[in-house]
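So this block is model.csv, CSV, C-alpha atoms:
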```csv
chain,number,residue,atom,x,y,z
A,1,MET,CA,50.2,69.4,-7.1
A,2,THR,CA,48.6,71.8,-9.5
A,3,ALA,CA,44.9,71.9,-10.2
A,4,GLN,CA,45.4,70.2,-13.5
A,5,GLU,CA,47.4,67.4,-11.9
A,6,ILE,CA,44.7,66.9,-9.3
A,7,GLU,CA,42.0,66.8,-12.0
A,8,PHE,CA,44.1,64.3,-13.9
A,9,GLU,CA,44.4,62.0,-10.9
A,10,ASN,CA,40.7,62.2,-10.2
A,11,ARG,CA,39.9,61.2,-13.8
A,12,LYS,CA,42.4,58.3,-13.6
A,13,GLU,CA,40.8,57.2,-10.3
A,14,LYS,CA,37.4,57.4,-11.8
A,15,LEU,CA,38.4,55.4,-14.8
A,16,ARG,CA,40.0,52.7,-12.5
A,17,GLN,CA,36.7,52.5,-10.5
A,18,ASP,CA,34.7,52.2,-13.6
A,19,ALA,CA,36.9,49.4,-14.9
A,20,VAL,CA,36.6,47.6,-11.5
A,21,PHE,CA,32.8,48.0,-11.5
A,22,LYS,CA,32.6,46.7,-15.1
A,23,GLU,CA,34.8,43.7,-14.2
A,24,VAL,CA,32.7,42.9,-11.2
A,25,GLN,CA,29.5,43.1,-13.3
A,26,ARG,CA,31.1,40.8,-15.9
A,27,LEU,CA,32.1,38.3,-13.2
A,28,ARG,CA,28.6,38.3,-11.7
A,29,LYS,CA,27.1,37.7,-15.1
A,30,ILE,CA,29.4,34.8,-15.7
A,31,ASN,CA,28.7,33.4,-12.2
A,32,ARG,CA,24.9,33.5,-12.9
A,33,SER,CA,25.4,31.8,-16.2
A,34,GLN,CA,27.5,29.1,-14.7
A,35,SER,CA,25.1,28.6,-11.8
A,36,SER,CA,22.2,28.2,-14.3
A,37,LYS,CA,24.2,25.6,-16.3
A,38,ILE,CA,25.1,23.7,-13.2
A,39,ALA,CA,21.4,23.7,-12.1
A,40,LYS,CA,20.4,22.4,-15.5
A,41,LEU,CA,23.1,19.7,-15.4
A,42,ARG,CA,22.0,18.7,-11.9
A,43,LYS,CA,18.4,18.3,-13.0
A,44,ALA,CA,19.4,16.3,-16.0
A,45,MET,CA,21.6,14.1,-13.9
A,46,TYR,CA,18.7,13.5,-11.4
A,47,PHE,CA,16.4,12.7,-14.2
A,48,GLN,CA,18.8,10.2,-15.7
A,49,ILE,CA,19.3,8.5,-12.3
A,50,LEU,CA,15.5,8.3,-11.8
A,51,PHE,CA,15.0,6.9,-15.3
A,52,PHE,CA,17.6,4.2,-14.9
A,53,ILE,CA,16.3,3.3,-11.4
A,54,SER,CA,12.7,3.0,-12.9
A,55,LEU,CA,14.0,1.0,-15.8
A,56,LEU,CA,15.8,-1.3,-13.4
A,57,VAL,CA,12.7,-1.8,-11.3
A,58,VAL,CA,10.7,-2.6,-14.4
A,59,PHE,CA,13.2,-5.2,-15.6
A,60,LEU,CA,13.4,-6.7,-12.2
A,61,LEU,CA,9.6,-7.0,-12.0
A,62,LYS,CA,9.4,-8.6,-15.4
A,63,GLY,CA,12.2,-11.0,-14.5
A,64,MET,CA,14.5,-9.7,-17.3
A,65,ILE,CA,17.2,-9.1,-14.7
A,66,SER,CA,18.3,-11.5,-12.0
A,67,PHE,CA,21.0,-10.8,-9.4
A,68,GLY,CA,21.4,-14.5,-8.8
A,69,GLY,CA,22.7,-15.2,-12.3
A,70,ALA,CA,21.1,-15.3,-15.7
A,71,ALA,CA,17.5,-16.4,-15.7
A,72,SER,CA,17.0,-19.9,-16.9
A,73,ASN,CA,14.6,-20.9,-19.7
A,74,GLU,CA,12.3,-22.4,-17.1
A,75,GLU,CA,12.2,-19.2,-15.1
A,76,LEU,CA,11.5,-17.1,-18.2
A,77,ALA,CA,8.8,-19.6,-19.3
A,78,ALA,CA,7.2,-19.3,-15.8
A,79,PHE,CA,7.2,-15.5,-16.0
A,80,LYS,CA,5.6,-15.6,-19.4
A,81,LEU,CA,3.0,-18.0,-18.3
A,82,LYS,CA,2.1,-15.8,-15.3
A,83,TYR,CA,2.0,-12.8,-17.5
A,84,ASN,CA,-0.4,-14.6,-19.9
A,85,ASP,CA,-2.6,-15.7,-17.0
A,86,LEU,CA,-2.9,-12.2,-15.7
A,87,LYS,CA,-3.6,-10.9,-19.2
A,88,ASN,CA,-6.4,-13.6,-19.8
A,89,ALA,CA,-7.8,-12.8,-16.3
A,90,ASN,CA,-8.0,-9.1,-17.2
A,91,LYS,CA,-9.7,-9.9,-20.5
A,92,SER,CA,-12.2,-12.2,-18.7
A,93,LEU,CA,-13.0,-9.4,-16.2
A,94,ASP,CA,-13.6,-7.0,-19.1
A,95,ASP,CA,-15.9,-9.5,-20.8
A,96,SER,CA,-17.8,-10.0,-17.5
A,97,ILE,CA,-18.3,-6.3,-17.1
A,98,GLU,CA,-19.7,-6.1,-20.7
A,99,VAL,CA,-22.1,-8.9,-19.9
A,100,TYR,CA,-23.3,-7.2,-16.7
A,101,LYS,CA,-23.8,-3.9,-18.6
A,102,SER,CA,-25.8,-5.8,-21.2
A,103,ARG,CA,-28.0,-7.4,-18.5
A,104,ILE,CA,-28.6,-4.0,-16.8
A,105,THR,CA,-29.7,-2.6,-20.1
A,106,GLN,CA,-32.0,-5.5,-20.7
A,107,ILE,CA,-33.5,-5.2,-17.2
A,108,THR,CA,-34.0,-1.4,-17.7
A,109,ASP,CA,-35.7,-2.0,-21.1
A,110,LYS,CA,-37.9,-4.7,-19.6
A,111,ASN,CA,-38.9,-2.3,-16.8
A,112,MET,CA,-39.9,0.2,-19.4
A,113,VAL,CA,-42.0,-2.4,-21.2
A,114,ASP,CA,-43.6,-3.6,-18.0
A,115,ARG,CA,-44.7,0.0,-17.2
A,116,ASN,CA,-46.2,0.3,-20.6
A,117,GLU,CA,-45.6,4.0,-20.5
A,118,THR,CA,-44.9,6.5,-23.3
A,119,GLY,CA,-44.6,10.2,-22.8
A,120,LEU,CA,-44.6,12.0,-19.4
A,121,ARG,CA,-45.9,10.7,-16.1
A,122,PHE,CA,-45.9,12.4,-12.7
A,123,ARG,CA,-46.0,10.7,-9.3
A,124,VAL,CA,-46.0,12.0,-5.8
A,125,GLN,CA,-43.3,10.4,-3.7
A,126,ILE,CA,-44.2,10.1,0.0
A,127,GLY,CA,-41.2,8.2,1.3
A,128,ALA,CA,-37.8,6.6,0.6
A,129,PHE,CA,-36.2,3.9,2.8
A,130,LYS,CA,-33.4,1.5,2.6
A,131,GLU,CA,-34.6,-0.6,5.5
A,132,ILE,CA,-38.2,-1.0,4.5
A,133,ASN,CA,-39.1,-3.2,1.5
A,134,LEU,CA,-42.8,-4.0,0.8
A,135,ASN,CA,-42.2,-6.3,-2.1
A,136,ASP,CA,-44.0,-9.1,-0.2
A,137,PHE,CA,-47.1,-7.0,-0.2
A,138,SER,CA,-47.0,-6.1,-3.9
A,139,THR,CA,-50.5,-7.6,-4.5
A,140,ASN,CA,-51.9,-5.4,-1.8
A,141,LEU,CA,-50.2,-2.2,-3.0
A,142,VAL,CA,-53.1,-1.0,-5.1
A,143,ALA,CA,-52.8,2.7,-4.4
A,144,ILE,CA,-49.1,2.8,-3.4
A,145,ASN,CA,-46.3,1.9,-5.7
A,146,GLN,CA,-42.8,0.8,-4.7
A,147,GLU,CA,-39.8,1.4,-6.9
A,148,THR,CA,-36.1,0.9,-6.2
A,149,TYR,CA,-33.8,3.7,-7.3
A,150,ASP,CA,-30.1,3.9,-6.3
A,151,SER,CA,-30.6,1.0,-3.8
A,152,ILE,CA,-33.4,3.0,-2.0
A,153,ASN,CA,-37.0,1.8,-1.9
A,154,GLN,CA,-39.2,4.7,-2.9
A,155,TYR,CA,-42.9,4.9,-2.4
A,156,THR,CA,-45.2,6.9,-4.7
A,157,ILE,CA,-48.9,7.4,-4.9
A,158,GLY,CA,-50.9,8.4,-8.0
A,159,VAL,CA,-49.9,8.6,-11.6
A,160,PHE,CA,-50.8,11.7,-13.6
A,161,LYS,CA,-50.2,12.7,-17.2
A,162,ASN,CA,-51.0,16.3,-16.2
A,163,TYR,CA,-48.5,18.2,-14.1
A,164,GLU,CA,-51.0,20.7,-12.8
A,165,LYS,CA,-53.2,17.9,-11.4
A,166,ALA,CA,-50.2,16.3,-9.8
A,167,LYS,CA,-49.4,19.6,-8.0
A,168,VAL,CA,-53.0,19.8,-6.7
A,169,PHE,CA,-52.8,16.2,-5.5
A,170,LEU,CA,-49.5,16.9,-3.8
A,171,GLU,CA,-51.0,19.7,-1.8
A,172,ASP,CA,-53.7,17.3,-0.6
A,173,ILE,CA,-51.1,14.7,0.4
A,174,LYS,CA,-49.2,17.3,2.4
A,175,ARG,CA,-52.4,18.3,4.2
A,176,MET,CA,-52.7,14.6,5.2
A,177,GLY,CA,-49.4,14.9,7.0
A,178,PHE,CA,-46.8,13.8,4.4
A,179,ASN,CA,-45.0,17.2,4.5
A,180,ASP,CA,-41.9,15.9,2.8
A,181,SER,CA,-43.7,14.6,-0.3
A,182,PHE,CA,-42.7,15.9,-3.7
A,183,ILE,CA,-43.4,15.2,-7.4
A,184,ILE,CA,-41.2,12.9,-9.4
A,185,SER,CA,-41.4,12.6,-13.2
A,186,THR,CA,-40.7,9.9,-15.8
A,187,LYS,CA,-40.4,10.2,-19.5
A,188,ASN,CA,-41.0,7.1,-21.7
A,189,GLY,CA,-40.6,5.0,-18.5
A,190,ARG,CA,-37.3,6.5,-17.4
A,191,ARG,CA,-37.0,8.8,-14.4
A,192,ILE,CA,-36.1,12.4,-15.3
A,193,PRO,CA,-35.7,15.5,-13.0
A,194,ILE,CA,-38.6,17.9,-13.4
A,195,ASP,CA,-36.1,20.8,-13.9
A,196,LYS,CA,-34.9,19.1,-17.0
A,197,LEU,CA,-38.4,19.3,-18.6
A,198,SER,CA,-39.3,22.3,-20.7
A,199,LYS,CA,-42.2,24.6,-19.9
A,200,GLU,CA,-44.0,23.3,-22.9
A,201,GLU,CA,-43.8,19.7,-21.6
A,202,LEU,CA,-45.0,20.8,-18.1
A,203,TYR,CA,-47.8,23.0,-19.4
A,204,PRO,CA,-48.8,21.7,-22.9
A,205,ASN,CA,-52.2,23.3,-22.8
A,206,LEU,CA,-51.0,26.8,-22.1
A,207,LYS,CA,-49.9,29.2,-24.8
A,208,ASN,CA,-47.7,31.2,-22.4
A,209,PRO,CA,-46.6,28.7,-19.7
A,210,VAL,CA,-45.5,29.9,-16.4
A,211,ASP,CA,-43.7,28.3,-13.5
```
Represent the structure from my file as structure tokens, please.
Amino acid sequence: MTAQEIEFENRKEKLRQDAVFKEVQRLRKINRSQSSKIAKLRKAMYFQILFFISLLVVFLLKGMISFGGAASNEELAAFKLKYNDLKNANKSLDDSIEVYKSRITQITDKNMVDRNETGLRFRVQIGAFKEINLNDFSTNLVAINQETYDSINQYTIGVFKNYEKAKVFLEDIKRMGFNDSFIISTKNGRRIPIDKLSKEELYPNLKNPVD
């Protein structure tokens, strides 16, 4: 074979290889596309099956479908009666919750009135116990106050309008052995964390309040 014939054969072989490569690429692309379509169809089929199963369960629970034959009017009436009973019971429960909320609000408001407090007050808490309740000795608790907060009986001593005086008193209480004591604050009768108070509220007499 001459050089020209060899070159021609090489070109022909290269063209054949290119054609085979392109065909392989085309088939791979078609395969990926078909696989994607099959996956989507499979997901859609699973979703439809799940939907129909869920719908069937709902119908069974509501008594709209019966495998023992068509539901009689008496059965349907019984299901409707049961449904209405549950609905009324739920409404009654909601009403009871609202009543309890209202009572809690009234008790809270009454507590504020009983305290007869407006503005800020600071107390030193010296203990908090679930097991100890000194309500029976309320007439004897002249210097110590008991308050219940989050189901815990808390004992405080002293009531101050001035935060600085409360801090000085706290140091004296700690020197007496109540090392875990700390200051609690109330605003208009309601307990409020001290870190929620502004510097102006804590130090009203200072032009440049400091911590």
At what distance in Å, to one decimal, does atom CA of Val57 of chain A lie from atom CA of Asn84 of chain A? 20.2 Å
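Between atom CA of Arg175 of chain A and atom CA of Asp195 of chain A there is a distance of 24.5 Å.
Computed from the coordinates, the atom CA of Asn205 of chain A to atom CA of Gly189 of chain A distance equals 22.1 Å.
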From the options A:Ala166, A:Ile192, A:Ile6, A:Ile157, which residue's atoms come nearest to Phe178 of chain A, counting only C-alpha atoms? A:Ile157
Nearest candidate to Asp180 of chain A (options A:Ile152, A:Leu56, A:Ala77, A:Ala128; using only C-alpha atoms): A:Ala128
From the list A:Ile144, A:Ile184, A:Ala44, A:Leu86, which residue is nearest Leu197 of chain A when using all atoms listed in the file? A:Ile184
With distances taken over only C-alpha atoms, the candidate from A:Pro193, A:Pro204, A:Gly119, A:Gly127 nearest Asn145 of chain A is A:Gly127
